[in-house]
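Read through the structure below, which is laid out as structure tokens, and then see the notes.
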Amino acid sequence: MHIHIPDGVLPPWLWLTGYFLAGLFLAIALKRIKQSPESSKRIPRAGLLLAFTLLATSLPLGFFSHLNLMVFNGILLGGAWSFVVSLSLNFLLAFFGHGAITIVGLNTIFLWLQALLGILLFRVFSKLLKNPFLSSFIACFTSLSLSFVSLLALLFVSVEFAESVFVALSLPVFIFEVLIESLVTGFIINFLSKTKPDLLS
Amino acid sequence: MSEIYLIDYYANSFKSYFHQTNVLAKLIFFALVLFSIVFTSSVPALVFIFAAVLLLLFFSRLPILKILEWSLYPLLFALVFVFSQIQESGELAGQTFFRAITAIFLMFFLALTTPFPLIFSLLGKVSPVISSLMFFAYRYFFLFLNTIEKRVKIMGLRGNNRTGVIKKIKNFSGLLGQTLIELLEKSEKFYKILQARGFQGKVFSDINLDFKNRDWLLIGLGIAIMTTSRGFN
């Protein structure tokens, strides 16, 4: 789930802060990738997952929603690479029709936080439940739900609009999207854990 | 799904005046007009910028109706904000609507007149990791799309459309996982081949950054749009 806010809705201080933070995190992520030889070998995997995620976002699920698979990306790529993928994905999405180039910085941070929380929860639940499907489903569902709550909080403090109308219009789409995305993440992780478990390690 | 195919096609195959303009000049123009959209609070000024962008799309001989169709998805989200704001202030709702539609059309102007590899090779000057990542993603996106489209058709022929929703999602996820594994092996082999040929993680480009008259004209147009829209305020 990422922020679908058109250009000009959020105040400039907010999206400029988003860009500043995204730049800062990008510098840290690139430094970590450069420092680790194992990590820099992941370019083909990260590129492929970026293409995969871009494709997932172009598949209409109906009900104005689409997949994002950032938790899935996080599990397969780790923290540093998932930031770079998140930034590239948002840039590509803005370029290929979703618009909102000013929100790319904020969206990058939102998606990355989903991925980070997803990685953490997946690790915890994998140890507790020993079930890849359930672990990734819960990780994805929790991560996306928290992301939606933080998005609402961000909008309520920064934009002038009728909150109740917005929640009434966006909540059904959100519930539908989160359920489908959590199921897809759960099923793919389950499939990979059986066929290529080294990808998850 | 075919929309990215078409965007790529229009950007690479059309040869209008704006297609031949320098990529950096187009990015500067884009930034100037976007700045005008975001920092203008007058609805007539926003209507003026929208009309200017529409004219540019027209002169680039791009399919305006198709662009309108592609814009519907991001516009729907803009309408959520418009409806939430209309009770508070009609002018605010008008600003949101025209900002959204103009910015979307402007983005399409850039995307449909500029081949994407030109933009990611410019990004290579910022970070070689990002440009390499984009290079791989660009290469594999269309391969992924073809493979998945074919397999979804096959899955349909095998009766997947007649199963329950959860089973359908499970089958589709399995298909995504299987395709991912196959292409992952291919991409790793491809990367090793590139390395053996001397690839060191940098995508080089031969972009000419010397501006010609047409490039200066486009930048001048951007400045004119910005100044005129400020005049409305």
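Ordered as shown in the structure tokens, chains take letters A, B, and onward, while each chain numbers its residues from 1 and ligands are numbered from 1 in the order shown.
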As a ChimeraX atom specification, please: the residues near Phe29 in chain B (cut-off 7 Å, only C-alpha atoms, same-chain neighbours under 6 positions excluded). /B:218-219,222
Same residues, all heavy atoms, output as a PDB file, in the first residue's frame:
```
ATOM      1  N   LEU B 218      12.406  25.318 -25.199  1.00  0.00           N
ATOM      2  CA  LEU B 218      11.555  24.594 -24.248  1.00  0.00           C
ATOM      3  C   LEU B 218      11.736  25.152 -22.833  1.00  0.00           C
ATOM      4  O   LEU B 218      10.758  25.333 -22.093  1.00  0.00           O
ATOM      5  CB  LEU B 218      11.878  23.095 -24.287  1.00  0.00           C
ATOM      6  CG  LEU B 218      10.933  22.212 -23.469  1.00  0.00           C
ATOM      7  CD1 LEU B 218       9.524  22.220 -24.051  1.00  0.00           C
ATOM      8  CD2 LEU B 218      11.429  20.784 -23.382  1.00  0.00           C
ATOM      9  N   ILE B 219      12.973  25.423 -22.454  1.00  0.00           N
ATOM     10  CA  ILE B 219      13.223  25.984 -21.119  1.00  0.00           C
ATOM     11  C   ILE B 219      12.559  27.373 -21.022  1.00  0.00           C
ATOM     12  O   ILE B 219      11.928  27.702 -20.009  1.00  0.00           O
ATOM     13  CB  ILE B 219      14.740  26.064 -20.835  1.00  0.00           C
ATOM     14  CG1 ILE B 219      15.311  24.638 -20.749  1.00  0.00           C
ATOM     15  CG2 ILE B 219      15.019  26.811 -19.529  1.00  0.00           C
ATOM     16  CD1 ILE B 219      16.813  24.559 -20.656  1.00  0.00           C
ATOM     17  N   GLY B 222       8.973  26.997 -20.390  1.00  0.00           N
ATOM     18  CA  GLY B 222       8.750  26.658 -18.966  1.00  0.00           C
ATOM     19  C   GLY B 222       8.773  27.918 -18.111  1.00  0.00           C
ATOM     20  O   GLY B 222       7.912  28.115 -17.245  1.00  0.00           O
TER      21      GLY B 222
END
```
Hey, list the chain A side of the contact with chain B: 7 Å cut-off, only C-alpha atoms, answer as JSON, numbers by chain. {"A": [4, 5, 6, 7, 8, 9, 43, 44, 45, 46, 47, 48, 50, 51, 52, 55, 58, 59, 95, 96, 97, 98, 99, 161, 162, 165, 166, 169, 184, 187, 188, 191, 192]}
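Distances from A:Ile109, A:Leu24, A:Leu117, A:Leu144 to Ile175 in chain A were compared using only C-alpha atoms, and the smallest one belongs to A:Leu144.
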Could you pull out all residues of chain A with a DSSP call of helix (DSSP H, G or I) and give them as a ChimeraX atom specification? /A:12-35,37-40,43-58,70-77,79-98,101-129,132-158,163-195,197-200
Mind listing the strand (DSSP E or B) residues of chain A, per DSSP on the backbone, as a ChimeraX atom specification? /A:60-62,65-66
Keeping all heavy atoms, export the residues of the selection given above as a compact mmCIF listing (two decimals), in the first residue's frame.
```txt
# COMPACT_ATOMS: atom_id res chain seq x y z
N PRO A 60 -4.36 -4.73 -12.09
CA PRO A 60 -5.51 -4.21 -11.35
C PRO A 60 -6.26 -5.34 -10.62
O PRO A 60 -6.59 -6.35 -11.24
CB PRO A 60 -6.38 -3.58 -12.45
CG PRO A 60 -5.94 -4.20 -13.71
CD PRO A 60 -4.56 -4.75 -13.54
N LEU A 61 -6.45 -5.17 -9.32
CA LEU A 61 -7.14 -6.21 -8.55
C LEU A 61 -8.64 -5.97 -8.56
O LEU A 61 -9.41 -6.78 -8.09
CB LEU A 61 -6.67 -6.19 -7.09
CG LEU A 61 -5.21 -6.51 -6.82
CD1 LEU A 61 -4.91 -6.36 -5.35
CD2 LEU A 61 -4.89 -7.93 -7.27
N GLY A 62 -9.05 -4.83 -9.09
CA GLY A 62 -10.44 -4.42 -8.98
C GLY A 62 -10.56 -3.55 -7.75
O GLY A 62 -9.65 -3.51 -6.92
N SER A 65 -7.67 -1.01 -6.55
CA SER A 65 -6.49 -1.38 -5.76
C SER A 65 -5.51 -2.21 -6.58
O SER A 65 -5.86 -2.75 -7.64
CB SER A 65 -6.91 -2.14 -4.52
OG SER A 65 -7.73 -3.19 -4.89
N HIS A 66 -4.30 -2.30 -6.09
CA HIS A 66 -3.26 -3.11 -6.73
C HIS A 66 -2.30 -3.61 -5.66
O HIS A 66 -2.30 -3.11 -4.53
CB HIS A 66 -2.51 -2.30 -7.79
CG HIS A 66 -1.83 -1.08 -7.24
ND1 HIS A 66 -0.64 -1.13 -6.57
CD2 HIS A 66 -2.18 0.23 -7.25
CE1 HIS A 66 -0.28 0.08 -6.20
NE2 HIS A 66 -1.21 0.94 -6.59
```
Work out how far CA of Val84 in chain A is from CA of Leu26 in chain A, in Å to one decimal. 6.7 Å
To one decimal place, how far is CA of Leu111 in chain A from CA of Ala31 in chain B in Å? 24.6 Å
Using only C-alpha atoms, can you tell me which of B:Ser229, B:Val203, B:Trp216, B:Arg158 comes closest to Ala51 in chain B?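 Ranking B:Ser229, B:Val203, B:Trp216, B:Arg158 by distance to Ala51 in chain B, first place goes to B:Ser229.
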